[in-house]
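Undergrad: Compact mmCIF, C-alpha atoms (C1' of nucleotides), saved as work_25.txt, coming up:
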```
# COMPACT_ATOMS: atom_id res chain seq x y z
CA MET A 1 -47.15 -59.92 -52.41
CA GLU A 2 -45.10 -62.98 -51.59
CA VAL A 3 -41.90 -63.20 -53.57
CA ILE A 4 -40.72 -66.74 -54.20
CA LEU A 5 -37.00 -67.04 -53.49
CA SER A 6 -34.69 -69.71 -54.81
CA ARG A 7 -32.80 -71.65 -52.17
CA LYS A 8 -29.64 -69.76 -53.07
CA GLU A 9 -31.40 -66.43 -52.53
CA GLN A 10 -32.79 -67.66 -49.22
CA ILE A 11 -29.29 -68.55 -48.09
CA GLU A 12 -28.01 -65.15 -49.14
CA GLN A 13 -30.80 -63.33 -47.36
CA THR A 14 -30.47 -65.29 -44.13
CA ALA A 15 -26.70 -64.88 -44.19
CA THR A 16 -27.09 -61.15 -44.71
CA ALA A 17 -29.18 -60.84 -41.57
CA LEU A 18 -26.61 -62.80 -39.56
CA PHE A 19 -23.70 -60.84 -40.99
CA LYS A 20 -25.41 -57.62 -39.99
CA ASN A 21 -26.20 -58.71 -36.44
CA ARG A 22 -23.04 -60.62 -35.52
CA GLY A 23 -20.57 -59.72 -38.23
CA PHE A 24 -19.11 -61.90 -40.96
CA SER A 25 -16.34 -63.46 -38.86
CA ALA A 26 -18.58 -64.21 -35.92
CA THR A 27 -21.14 -65.99 -38.09
CA SER A 28 -20.39 -69.65 -38.68
CA MET A 29 -21.72 -71.81 -41.47
CA ARG A 30 -23.34 -73.92 -38.77
CA ASP A 31 -25.15 -70.83 -37.43
CA LEU A 32 -26.38 -70.10 -40.91
CA ALA A 33 -27.44 -73.69 -41.53
CA ASN A 34 -29.24 -73.80 -38.23
CA GLN A 35 -31.18 -70.68 -39.13
CA LEU A 36 -32.21 -72.32 -42.40
CA GLY A 37 -33.13 -75.61 -40.75
CA ILE A 38 -30.58 -77.67 -42.67
CA GLU A 39 -27.06 -79.04 -42.15
CA ALA A 40 -24.00 -76.86 -42.74
CA ALA A 41 -22.66 -79.13 -45.44
CA SER A 42 -25.90 -78.81 -47.41
CA ILE A 43 -25.23 -75.14 -48.03
CA TYR A 44 -22.38 -76.12 -50.32
CA SER A 45 -24.85 -77.54 -52.83
CA HIS A 46 -25.75 -73.92 -53.57
CA ILE A 47 -22.67 -71.79 -52.97
CA LYS A 48 -18.94 -72.22 -53.37
CA SER A 49 -17.75 -70.67 -50.12
CA LYS A 50 -18.71 -68.46 -47.21
CA GLU A 51 -16.94 -65.53 -48.76
CA GLU A 52 -18.88 -65.91 -51.98
CA ILE A 53 -22.00 -64.85 -50.08
CA LEU A 54 -20.23 -61.75 -48.79
CA GLN A 55 -19.01 -60.91 -52.28
CA ARG A 56 -22.44 -61.21 -53.81
CA VAL A 57 -24.04 -58.99 -51.18
CA CYS A 58 -21.33 -56.33 -51.31
CA PHE A 59 -21.21 -56.00 -55.08
CA ARG A 60 -24.96 -56.23 -55.56
CA MET A 61 -25.41 -53.33 -53.15
CA ALA A 62 -22.65 -51.35 -54.83
CA ASN A 63 -24.58 -51.76 -58.06
CA GLU A 64 -27.82 -50.63 -56.44
CA PHE A 65 -26.22 -47.48 -55.08
CA PHE A 66 -24.73 -46.64 -58.47
CA GLU A 67 -27.97 -47.20 -60.32
CA ALA A 68 -29.87 -45.09 -57.82
CA ILE A 69 -27.71 -41.98 -58.13
CA ASP A 70 -27.38 -42.38 -61.89
CA GLN A 71 -31.15 -42.41 -62.30
CA ALA A 72 -31.59 -39.57 -59.84
CA ASP A 73 -28.99 -37.23 -61.30
CA VAL A 74 -30.55 -34.32 -63.11
CA ARG A 75 -28.20 -32.42 -65.41
CA ASN A 76 -28.72 -28.67 -65.88
CA ALA A 77 -29.75 -28.34 -62.26
CA SER A 78 -28.06 -26.44 -59.44
CA ALA A 79 -25.59 -28.20 -57.18
CA SER A 80 -28.10 -27.96 -54.34
CA GLU A 81 -30.75 -29.73 -56.36
CA ARG A 82 -28.35 -32.36 -57.60
CA LEU A 83 -27.03 -33.04 -54.11
CA GLN A 84 -30.56 -33.22 -52.76
CA ALA A 85 -31.37 -35.81 -55.42
CA ALA A 86 -28.26 -37.85 -54.66
CA ILE A 87 -28.96 -37.82 -50.93
CA THR A 88 -32.53 -38.91 -51.50
CA ALA A 89 -31.43 -41.73 -53.80
CA HIS A 90 -28.84 -42.89 -51.29
CA VAL A 91 -31.33 -42.88 -48.42
CA LYS A 92 -33.84 -44.84 -50.46
CA VAL A 93 -31.38 -47.63 -51.13
CA LEU A 94 -30.34 -47.66 -47.47
CA THR A 95 -33.87 -47.93 -46.17
CA LYS A 96 -35.05 -50.39 -48.81
CA ASN A 97 -32.65 -53.00 -47.49
CA THR A 98 -31.10 -52.14 -44.16
CA GLU A 99 -29.49 -55.53 -43.65
CA ALA A 100 -27.64 -55.68 -46.95
CA SER A 101 -26.70 -52.03 -46.44
CA ALA A 102 -25.12 -52.80 -43.12
CA VAL A 103 -23.09 -55.57 -44.70
CA PHE A 104 -22.11 -53.29 -47.55
CA LEU A 105 -21.01 -50.57 -45.13
CA HIS A 106 -19.20 -52.63 -42.52
CA GLU A 107 -18.32 -56.15 -43.64
CA TRP A 108 -16.57 -55.43 -46.94
CA ARG A 109 -13.22 -55.40 -45.19
CA HIS A 110 -13.41 -59.17 -44.83
CA LEU A 111 -13.27 -59.57 -48.60
CA SER A 112 -10.05 -61.15 -49.78
CA GLU A 113 -8.01 -59.80 -52.65
CA PRO A 114 -8.66 -58.91 -55.39
CA HIS A 115 -12.26 -58.30 -54.37
CA HIS A 116 -11.24 -56.10 -51.49
CA ALA A 117 -9.33 -53.69 -53.73
CA GLU A 118 -12.04 -53.79 -56.37
CA PHE A 119 -14.65 -52.90 -53.79
CA LEU A 120 -12.66 -49.96 -52.49
CA ALA A 121 -12.24 -48.64 -56.01
CA LEU A 122 -15.99 -48.81 -56.56
CA ARG A 123 -16.70 -47.05 -53.32
CA ASN A 124 -14.26 -44.30 -54.17
CA ARG A 125 -15.89 -43.83 -57.54
CA TYR A 126 -19.27 -43.57 -55.85
CA GLU A 127 -18.05 -40.97 -53.38
CA GLU A 128 -16.42 -39.07 -56.23
CA HIS A 129 -19.89 -38.45 -57.62
CA PHE A 130 -20.80 -36.62 -54.41
CA ARG A 131 -17.49 -34.77 -54.36
CA GLU A 132 -17.98 -33.58 -57.92
CA ILE A 133 -21.37 -32.09 -57.11
CA THR A 134 -20.04 -30.47 -53.96
CA ARG A 135 -17.04 -29.01 -55.79
CA GLU A 136 -19.38 -27.46 -58.31
CA GLY A 137 -21.52 -26.02 -55.54
CA ILE A 138 -18.48 -24.46 -53.91
CA LYS A 139 -17.32 -22.99 -57.21
CA ALA A 140 -20.76 -21.55 -57.89
CA GLY A 141 -20.83 -20.00 -54.43
CA GLU A 142 -23.78 -22.09 -53.33
CA PHE A 143 -21.86 -23.94 -50.65
CA LYS A 144 -19.57 -22.27 -48.14
CA VAL A 145 -17.39 -25.08 -46.93
CA PRO A 146 -13.60 -25.31 -46.67
CA ASP A 147 -13.09 -28.71 -48.27
CA GLU A 148 -15.31 -30.89 -50.45
CA LYS A 149 -13.78 -34.15 -49.23
CA PHE A 150 -14.55 -33.22 -45.67
CA ALA A 151 -18.09 -32.16 -46.55
CA VAL A 152 -18.86 -35.35 -48.44
CA LEU A 153 -17.48 -37.56 -45.70
CA THR A 154 -19.65 -35.78 -43.19
CA ILE A 155 -22.76 -36.07 -45.33
CA LEU A 156 -22.31 -39.76 -46.07
CA SER A 157 -21.46 -40.45 -42.44
CA ALA A 158 -24.69 -38.85 -41.34
CA LEU A 159 -26.62 -40.94 -43.85
CA ASN A 160 -24.87 -44.22 -43.27
CA TRP A 161 -26.06 -44.61 -39.71
CA ILE A 162 -29.67 -44.92 -40.80
CA HIS A 163 -29.53 -48.69 -41.10
CA THR A 164 -29.00 -49.02 -37.35
CA TRP A 165 -32.31 -47.48 -36.37
CA TYR A 166 -34.59 -47.37 -39.41
CA LYS A 167 -37.74 -49.48 -39.20
CA PRO A 168 -40.29 -49.58 -42.03
CA GLU A 169 -43.07 -49.32 -39.45
CA GLY A 170 -41.53 -46.26 -37.74
CA LYS A 171 -43.17 -42.85 -37.71
CA MET A 172 -41.06 -41.48 -40.55
CA ASN A 173 -41.07 -43.14 -43.94
CA ALA A 174 -38.05 -43.24 -46.23
CA GLU A 175 -39.19 -40.21 -48.19
CA GLU A 176 -39.57 -38.06 -45.09
CA ILE A 177 -36.24 -39.16 -43.68
CA ALA A 178 -34.55 -38.33 -46.95
CA THR A 179 -36.16 -34.89 -47.12
CA ASN A 180 -35.33 -34.03 -43.54
CA LEU A 181 -31.74 -35.17 -43.86
CA ALA A 182 -31.22 -33.43 -47.17
CA THR A 183 -32.61 -30.16 -45.82
CA MET A 184 -30.53 -30.33 -42.68
CA LEU A 185 -27.29 -31.22 -44.44
CA LEU A 186 -27.74 -28.76 -47.30
CA ASN A 187 -28.39 -25.95 -44.84
CA GLY A 188 -25.20 -26.92 -43.12
CA LEU A 189 -23.29 -26.49 -46.36
CA LYS A 190 -24.81 -23.15 -47.30
CA GLN A 191 -24.02 -21.15 -44.19
CA THR A 192 -20.59 -20.02 -43.00
CA MET B 1 7.97 -37.64 -24.42
CA GLU B 2 8.14 -41.43 -24.27
CA VAL B 3 5.51 -42.94 -22.08
CA ILE B 4 6.53 -46.19 -20.47
CA LEU B 5 3.77 -48.76 -20.73
CA SER B 6 3.33 -51.80 -18.58
CA ARG B 7 3.17 -55.09 -20.46
CA LYS B 8 -0.55 -55.23 -19.82
CA GLU B 9 -1.02 -51.79 -21.35
CA GLN B 10 1.10 -52.80 -24.34
CA ILE B 11 -1.10 -55.81 -24.91
CA GLU B 12 -4.20 -53.66 -24.67
CA GLN B 13 -2.85 -51.10 -27.09
CA THR B 14 -1.70 -53.64 -29.66
CA ALA B 15 -4.98 -55.51 -29.39
CA THR B 16 -6.89 -52.27 -29.90
CA ALA B 17 -5.10 -51.64 -33.18
CA LEU B 18 -5.85 -55.16 -34.38
CA PHE B 19 -9.48 -54.98 -33.27
CA LYS B 20 -9.88 -51.76 -35.21
CA ASN B 21 -8.31 -53.07 -38.41
CA ARG B 22 -9.65 -56.62 -38.54
CA GLY B 23 -12.41 -56.67 -35.95
CA PHE B 24 -12.57 -58.51 -32.65
CA SER B 25 -13.70 -61.86 -34.03
CA ALA B 26 -11.19 -61.90 -36.85
CA THR B 27 -8.29 -61.20 -34.51
CA SER B 28 -6.81 -64.30 -32.93
CA MET B 29 -4.74 -64.46 -29.80
CA ARG B 30 -1.96 -65.86 -31.98
CA ASP B 31 -2.17 -62.76 -34.21
CA LEU B 32 -1.90 -60.57 -31.16
CA ALA B 33 0.99 -62.57 -29.71
CA ASN B 34 2.81 -62.45 -33.02
CA GLN B 35 2.47 -58.68 -33.11
CA LEU B 36 3.96 -58.50 -29.62
CA GLY B 37 6.77 -60.93 -30.43
CA ILE B 38 5.73 -63.52 -27.86
CA GLU B 39 3.74 -66.75 -27.69
CA ALA B 40 -0.06 -66.70 -27.43
CA ALA B 41 -0.05 -68.53 -24.13
CA SER B 42 2.20 -65.89 -22.60
CA ILE B 43 -0.51 -63.28 -22.92
CA TYR B 44 -2.46 -65.11 -20.23
CA SER B 45 0.13 -64.12 -17.64
CA HIS B 46 -1.33 -60.62 -17.95
CA ILE B 47 -4.99 -60.94 -18.83
CA LYS B 48 -7.78 -63.34 -18.03
CA SER B 49 -9.37 -63.67 -21.46
CA LYS B 50 -9.61 -62.16 -24.91
CA GLU B 51 -12.89 -60.54 -24.04
CA GLU B 52 -11.38 -58.85 -20.99
CA ILE B 53 -9.32 -56.71 -23.37
CA LEU B 54 -12.42 -55.68 -25.26
CA GLN B 55 -14.22 -54.85 -22.02
CA ARG B 56 -11.38 -52.67 -20.75
CA VAL B 57 -11.18 -50.72 -24.00
CA CYS B 58 -14.93 -50.22 -24.34
CA PHE B 59 -15.54 -49.06 -20.80
CA ARG B 60 -12.43 -46.91 -20.58
CA MET B 61 -13.56 -45.04 -23.69
CA ALA B 62 -17.08 -44.70 -22.35
CA ASN B 63 -15.56 -43.04 -19.31
CA GLU B 64 -13.49 -40.69 -21.43
CA PHE B 65 -16.50 -39.58 -23.41
CA PHE B 66 -18.49 -38.90 -20.26
CA GLU B 67 -15.71 -36.95 -18.60
CA ALA B 68 -15.19 -34.88 -21.72
CA ILE B 69 -18.78 -33.68 -22.05
CA ASP B 70 -19.14 -33.18 -18.31
CA GLN B 71 -16.12 -30.90 -18.24
CA ALA B 72 -17.21 -29.10 -21.40
CA ASP B 73 -20.78 -28.44 -20.37
CA VAL B 74 -21.43 -24.81 -19.56
CA ARG B 75 -24.60 -24.13 -17.65
CA ASN B 76 -26.42 -20.82 -18.22
CA ALA B 77 -25.48 -20.92 -21.88
CA SER B 78 -27.71 -21.19 -24.93
CA ALA B 79 -28.48 -24.58 -26.41
CA SER B 80 -26.34 -23.69 -29.42
CA GLU B 81 -23.34 -22.95 -27.24
CA ARG B 82 -23.86 -26.05 -25.16
CA LEU B 83 -24.22 -28.26 -28.21
CA GLN B 84 -21.17 -26.69 -29.77
CA ALA B 85 -19.22 -27.50 -26.60
CA ALA B 86 -20.47 -31.08 -26.52
CA ILE B 87 -19.60 -31.64 -30.17
CA THR B 88 -16.13 -30.24 -29.66
CA ALA B 89 -15.56 -32.43 -26.62
CA HIS B 90 -16.75 -35.50 -28.50
CA VAL B 91 -14.51 -34.80 -31.46
CA LYS B 92 -11.50 -34.28 -29.21
CA VAL B 93 -11.91 -37.69 -27.62
CA LEU B 94 -12.42 -39.29 -31.03
CA THR B 95 -9.29 -37.76 -32.52
CA LYS B 96 -7.13 -38.27 -29.46
CA ASN B 97 -7.43 -42.01 -29.83
CA THR B 98 -8.88 -43.15 -33.12
CA GLU B 99 -8.15 -46.83 -32.59
CA ALA B 100 -9.84 -47.16 -29.23
CA SER B 101 -12.68 -45.03 -30.57
CA ALA B 102 -13.22 -47.43 -33.46
CA VAL B 103 -13.37 -50.33 -31.02
CA PHE B 104 -15.76 -48.40 -28.80
CA LEU B 105 -18.02 -47.59 -31.74
CA HIS B 106 -18.05 -50.91 -33.57
CA GLU B 107 -16.79 -53.84 -31.49
CA TRP B 108 -18.90 -53.46 -28.37
CA ARG B 109 -21.49 -55.85 -29.78
CA HIS B 110 -19.10 -58.72 -29.16
CA LEU B 111 -19.30 -58.12 -25.43
CA SER B 112 -21.10 -60.92 -23.60
CA GLU B 113 -23.77 -60.32 -21.02
CA PRO B 114 -24.00 -58.56 -18.65
CA HIS B 115 -21.35 -56.24 -20.10
CA HIS B 116 -23.23 -55.89 -23.36
CA ALA B 117 -26.36 -54.58 -21.67
CA GLU B 118 -24.34 -52.38 -19.34
CA PHE B 119 -22.53 -50.84 -22.26
CA LEU B 120 -25.75 -50.08 -24.12
CA ALA B 121 -27.17 -48.41 -21.03
CA LEU B 122 -24.09 -46.19 -20.77
CA ARG B 123 -24.27 -45.27 -24.42
CA ASN B 124 -27.92 -44.37 -24.10
CA ARG B 125 -27.16 -42.16 -21.11
CA TYR B 126 -24.46 -40.43 -23.11
CA GLU B 127 -26.75 -39.80 -26.05
CA GLU B 128 -29.43 -38.53 -23.67
CA HIS B 129 -27.11 -35.67 -22.79
CA PHE B 130 -27.18 -34.57 -26.44
CA ARG B 131 -30.92 -35.13 -26.68
CA GLU B 132 -31.54 -32.98 -23.62
CA ILE B 133 -29.58 -30.07 -25.09
CA THR B 134 -31.34 -30.43 -28.42
CA ARG B 135 -34.77 -30.59 -26.78
CA GLU B 136 -34.02 -27.36 -24.97
CA GLY B 137 -32.89 -25.75 -28.21
CA ILE B 138 -36.11 -26.76 -29.92
CA LYS B 139 -38.20 -25.44 -27.04
CA ALA B 140 -36.33 -22.13 -27.05
CA GLY B 141 -36.87 -21.81 -30.79
CA GLU B 142 -33.15 -21.99 -31.56
CA PHE B 143 -33.41 -25.23 -33.47
CA LYS B 144 -36.00 -25.94 -36.14
CA VAL B 145 -36.04 -29.68 -36.37
CA PRO B 146 -38.93 -32.15 -36.22
CA ASP B 147 -37.48 -34.64 -33.74
CA GLU B 148 -34.61 -34.44 -31.27
CA LYS B 149 -33.83 -38.15 -31.46
CA PHE B 150 -33.45 -37.93 -35.19
CA ALA B 151 -31.28 -34.81 -34.94
CA VAL B 152 -28.96 -36.30 -32.34
CA LEU B 153 -28.55 -39.53 -34.27
CA THR B 154 -27.60 -37.56 -37.34
CA ILE B 155 -25.12 -35.40 -35.48
CA LEU B 156 -23.40 -38.29 -33.76
CA SER B 157 -23.35 -40.28 -36.99
CA ALA B 158 -21.59 -37.45 -38.76
CA LEU B 159 -19.03 -37.25 -35.95
CA ASN B 160 -18.47 -40.96 -35.51
CA TRP B 161 -16.97 -41.48 -38.94
CA ILE B 162 -13.98 -39.32 -38.11
CA HIS B 163 -11.91 -42.22 -36.82
CA THR B 164 -11.82 -43.77 -40.30
CA TRP B 165 -9.96 -40.90 -41.92
CA TYR B 166 -8.45 -38.67 -39.23
CA LYS B 167 -4.66 -38.54 -39.16
CA PRO B 168 -2.82 -36.36 -36.61
CA GLU B 169 -0.50 -35.20 -39.40
CA GLY B 170 -3.37 -34.23 -41.72
CA LYS B 171 -4.04 -30.66 -42.79
CA MET B 172 -6.80 -30.11 -40.24
CA ASN B 173 -6.11 -30.45 -36.54
CA ALA B 174 -8.69 -31.72 -34.06
CA GLU B 175 -9.72 -28.21 -33.05
CA GLU B 176 -10.40 -27.14 -36.64
CA ILE B 177 -12.31 -30.32 -37.42
CA ALA B 178 -14.45 -29.81 -34.35
CA THR B 179 -15.17 -26.19 -35.24
CA ASN B 180 -16.04 -26.96 -38.84
CA LEU B 181 -18.29 -29.85 -37.92
CA ALA B 182 -20.02 -27.94 -35.14
CA THR B 183 -20.68 -24.98 -37.43
CA MET B 184 -21.99 -27.15 -40.21
CA LEU B 185 -24.23 -29.26 -38.00
CA LEU B 186 -25.57 -26.36 -35.95
CA ASN B 187 -26.46 -24.46 -39.10
CA GLY B 188 -28.32 -27.53 -40.23
CA LEU B 189 -30.40 -27.46 -37.06
CA LYS B 190 -31.21 -23.77 -37.17
CA GLN B 191 -32.76 -23.50 -40.62
CA THR B 192 -36.05 -24.98 -41.76
C1' DT C 1 20.25 -63.18 0.40
C1' DA C 2 15.80 -65.12 0.44
C1' DA C 3 11.16 -64.57 -1.16
C1' DA C 4 8.04 -62.83 -4.26
C1' DT C 5 6.78 -61.11 -8.61
C1' DT C 6 7.07 -60.58 -13.54
C1' DT C 7 7.49 -62.42 -17.91
C1' DG C 8 8.02 -65.77 -20.74
C1' DC C 9 8.28 -70.72 -22.53
C1' DT C 10 6.62 -75.69 -24.45
C1' DA C 11 3.07 -78.84 -24.86
C1' DA C 12 -1.33 -79.87 -25.15
C1' DC C 13 -6.60 -79.86 -24.32
C1' DG C 14 -11.19 -79.89 -26.36
C1' DA C 15 -14.04 -77.35 -29.13
C1' DA C 16 -15.33 -75.03 -33.26
C1' DC C 17 -14.30 -73.92 -37.81
C1' DG C 18 -14.84 -74.13 -43.30
C1' DT C 19 -15.10 -77.50 -46.37
C1' DT C 20 -15.16 -82.15 -49.06
C1' DA C 21 -16.63 -86.90 -50.28
C1' DG C 22 -20.01 -89.85 -51.25
C1' DG C 23 -24.63 -91.20 -50.99
C1' DT C 24 -30.04 -90.93 -50.89
C1' DT C 25 -34.41 -89.13 -52.16
C1' DG C 26 -37.78 -86.83 -54.67
C1' DT C 27 -38.84 -83.95 -58.65
C1' DT C 28 -38.32 -82.30 -63.26
C1' DT C 29 -37.06 -82.93 -68.04
C1' DA C 30 -36.28 -85.58 -72.60
C1' DT D 1 -39.90 -94.40 -68.59
C1' DA D 2 -35.24 -93.22 -68.31
C1' DA D 3 -32.03 -89.52 -67.34
C1' DA D 4 -30.90 -85.44 -65.16
C1' DC D 5 -31.10 -82.44 -61.56
C1' DA D 6 -32.06 -80.26 -57.07
C1' DA D 7 -31.77 -80.52 -52.32
C1' DC D 8 -30.36 -82.58 -48.54
C1' DC D 9 -28.02 -86.09 -45.60
C1' DT D 10 -23.99 -88.43 -42.58
C1' DA D 11 -19.29 -88.72 -41.75
C1' DA D 12 -15.17 -86.90 -41.60
C1' DC D 13 -10.90 -84.10 -43.06
C1' DG D 14 -7.39 -80.87 -41.53
C1' DT D 15 -6.94 -76.44 -39.37
C1' DT D 16 -7.40 -72.93 -36.17
C1' DC D 17 -9.21 -71.35 -31.99
C1' DG D 18 -9.10 -69.77 -26.83
C1' DT D 19 -7.21 -71.43 -23.05
C1' DT D 20 -4.75 -74.30 -19.24
C1' DA D 21 -0.90 -76.74 -16.93
C1' DG D 22 3.46 -76.79 -15.52
C1' DC D 23 7.88 -74.97 -15.64
C1' DA D 24 12.12 -71.67 -16.13
C1' DA D 25 14.53 -67.50 -15.93
C1' DA D 26 15.09 -62.81 -14.67
C1' DT D 27 14.00 -58.97 -11.93
C1' DT D 28 12.21 -56.66 -7.92
C1' DT D 29 11.18 -56.41 -3.13
C1' DA D 30 11.84 -57.47 1.92
```
Would you kindly transcribe this structure into structure tokens?
TA:
Amino acid sequence: MEVILSRKEQIEQTATALFKNRGFSATSMRDLANQLGIEAASIYSHIKSKEEILQRVCFRMANEFFEAIDQADVRNASASERLQAAITAHVKVLTKNTEASAVFLHEWRHLSEPHHAEFLALRNRYEEHFREITREGIKAGEFKVPDEKFAVLTILSALNWIHTWYKPEGKMNAEEIATNLATMLLNGLKQT
Amino acid sequence: MEVILSRKEQIEQTATALFKNRGFSATSMRDLANQLGIEAASIYSHIKSKEEILQRVCFRMANEFFEAIDQADVRNASASERLQAAITAHVKVLTKNTEASAVFLHEWRHLSEPHHAEFLALRNRYEEHFREITREGIKAGEFKVPDEKFAVLTILSALNWIHTWYKPEGKMNAEEIATNLATMLLNGLKQT
DNA sequence: TAAATTTGCTAACGAACGTTAGGTTGTTTA
DNA sequence: TAAACAACCTAACGTTCGTTAGCAAATTTA
């Protein structure tokens, strides 16, 4: 199933890989052009600036994460079930595109204002979704944990390393990874 | 208790803060000089190159992490107790110096060869310590987890986010954070 | 007090950077 | 078939980069 990419999408994809491996600042437009087999100046027929690429990747991924947990959220379920669903959704987005995820997680700080602030607000809103579920679980007595902020940071931290080692051809598929992680982390919340 | 720093140590410390906040590549020698109140060229009276600073920080931290788990390791103890000790030691190093920890965790990839390879070998040896404990715990039936590599990656991932939010003046001190995290993560390993 | 060391300066180097201007070629649309 | 567009080129711009050379002043050591 070959997907035909426009030149602009090719540039974005190649840049994403470079941004993941070397970082945004350490990737030059000449590096990127070289990888594409064209001249650096030619890239500017398709994009406005180097930062525009970063912006597009960061905000597209933010959207994907939001859509994933929105679709996965089941009302009228226990906090455990809801958190399990959110974790699974998060892991699926992470594993579906590890390179863009890495950029989303690490390179956003090179965004200039106002995009930088806007990104942080989005991220906070995303994390708030997890905090809300966790708070409910604490209130209902499902989770025994001193602080929901602390718990959520720990959970997301554990998840957000996946992009460094996940390979589609590895022995665990995304589903299994999600299940294992969700089980492990939920058990951690339940005990005292 | 004011510690008197040599000029070289001042440079290293200031550079570490900048490397954490903006990244190695996005920090220029002129930025660093400006922060120190001197000219960029003056820095070269004390160090050989920009990368030398990065090398010193990365390998000094690697040493600190090794020393911490070596001192903390208690033989003739259960895997749970040993892992608890290792987690606590790791967290203590992380919280004692969040800036150098951030550089250690994220900026090492800008090391050139052979330092880059040497660093990765050290990191692998460090993680092997955790894997060995976890393997033993699985064998002894203490931990119910499908794969020790997976478990260790998850544990260290959860720990290695601390530097982004930990503040010495926050409501949890390093000891409490370590205890909470160790409890949570160990419980995650024990259940099925 | 003489010598050595530390700490800083100004000036400048060559290289790399993101980006623009202006043009050519081939393909698609009206 | 003419016009519009997509995709790329060469050449060059102004800026910033890490770093070196050579020198000056202050402080420490012998």
Undergrad: Would you pick out the contacts of stretch 173-178 of chain B at 7 Å or less, using all atoms listed in the file, so that residues sharing its chain but fewer than 4 positions from it are not included, and give the list as a PyMOL selection string?
TA: chain B and resi 87-88+91-92+95+168+182
Undergrad: Kindly extract all protein, DNA and RNA residues lying within 12 Å of the coordinates (-33.9, -68.6, -47.8) given in the file, considering all atoms listed in the file, and supply them as JSON, numbers by chain.
TA: {"A": [3, 4, 5, 6, 7, 8, 9, 10, 11, 12, 13, 14, 15, 16, 17, 32, 33, 34, 35, 36, 37, 38, 43, 46]}
Undergrad: (-9.2, -79.6, -26.6) in this file's frame - what residues fall within 12 Å of it? Use only C-alpha atoms (C1' of nucleotides) and give the answer as a list in words.
TA: DA12, DC13, DG14, DA15 and DA16 of chain C; DT16, DC17, DG18, DT19 and DT20 of chain D
Undergrad: Chain B residues within 9 Å of chain D, counting only C-alpha atoms (C1' of nucleotides): which ones, as a PyMOL selection string?
TA: chain B and resi 28-29+41+44+49-50
Undergrad: Residues as selected, C-alpha atoms, written as a PDB file, keeping the file's coordinate frame, can you do that?
TA:
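That gives us result.pdb:
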```pdb
ATOM      1  CA  SER B  28      -6.810 -64.300 -32.930  1.00  0.00           C
ATOM      2  CA  MET B  29      -4.740 -64.460 -29.800  1.00  0.00           C
ATOM      3  CA  ALA B  41      -0.050 -68.530 -24.130  1.00  0.00           C
ATOM      4  CA  TYR B  44      -2.460 -65.110 -20.230  1.00  0.00           C
ATOM      5  CA  SER B  49      -9.370 -63.670 -21.460  1.00  0.00           C
ATOM      6  CA  LYS B  50      -9.610 -62.160 -24.910  1.00  0.00           C
TER       7      LYS B  50
END
```
Undergrad: So what do you get for atom CA of A:Lys144 versus atom CA of A:Gly188, distance-wise?
TA: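 Calculated distance between atom CA of A:Lys144 and atom CA of A:Gly188 is 8.9 Å.
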Undergrad: Counting only C-alpha atoms (C1' of nucleotides), collect the residues of chain B whose closest atom lies at most 8 Å from chain C, and write them out as number ranges by chain.
TA: B: 38-39, 42, 45
Undergrad: Pull out every residue of chain A sitting within 7 Å of chain B, counting only C-alpha atoms, and send them as a list in words.
TA: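 Those within range of chain B come out as Ser25, Ala26, Thr154, Ile155, Ser157, Ala158, Trp161, Met184, Leu185, Asn187, Gly188, Leu189 and Gln191 of chain A.
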Undergrad: In Å, rounded to a single decimal, give me how far atom CA of A:Thr98 is from atom CA of A:Lys171.
TA: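 Taking atom CA of A:Lys171 and atom CA of A:Thr98, their separation equals 16.5 Å.
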Undergrad: Let me have the centre and edge lengths in Å, one decimal, of the box along x, y and z around every listed atom of stretch 135-148 of chain A with 3 Å of margin on each side, as JSON.
TA:
```
{"center_x": -18.4, "center_y": -25.4, "center_z": -52.5, "size_x": 16.7, "size_y": 16.9, "size_z": 17.6}
```
Undergrad: Figure out the distance between atom CA of A:Lys20 and atom CA of A:Glu169, please, to one decimal in Å.
TA: 19.5 Å
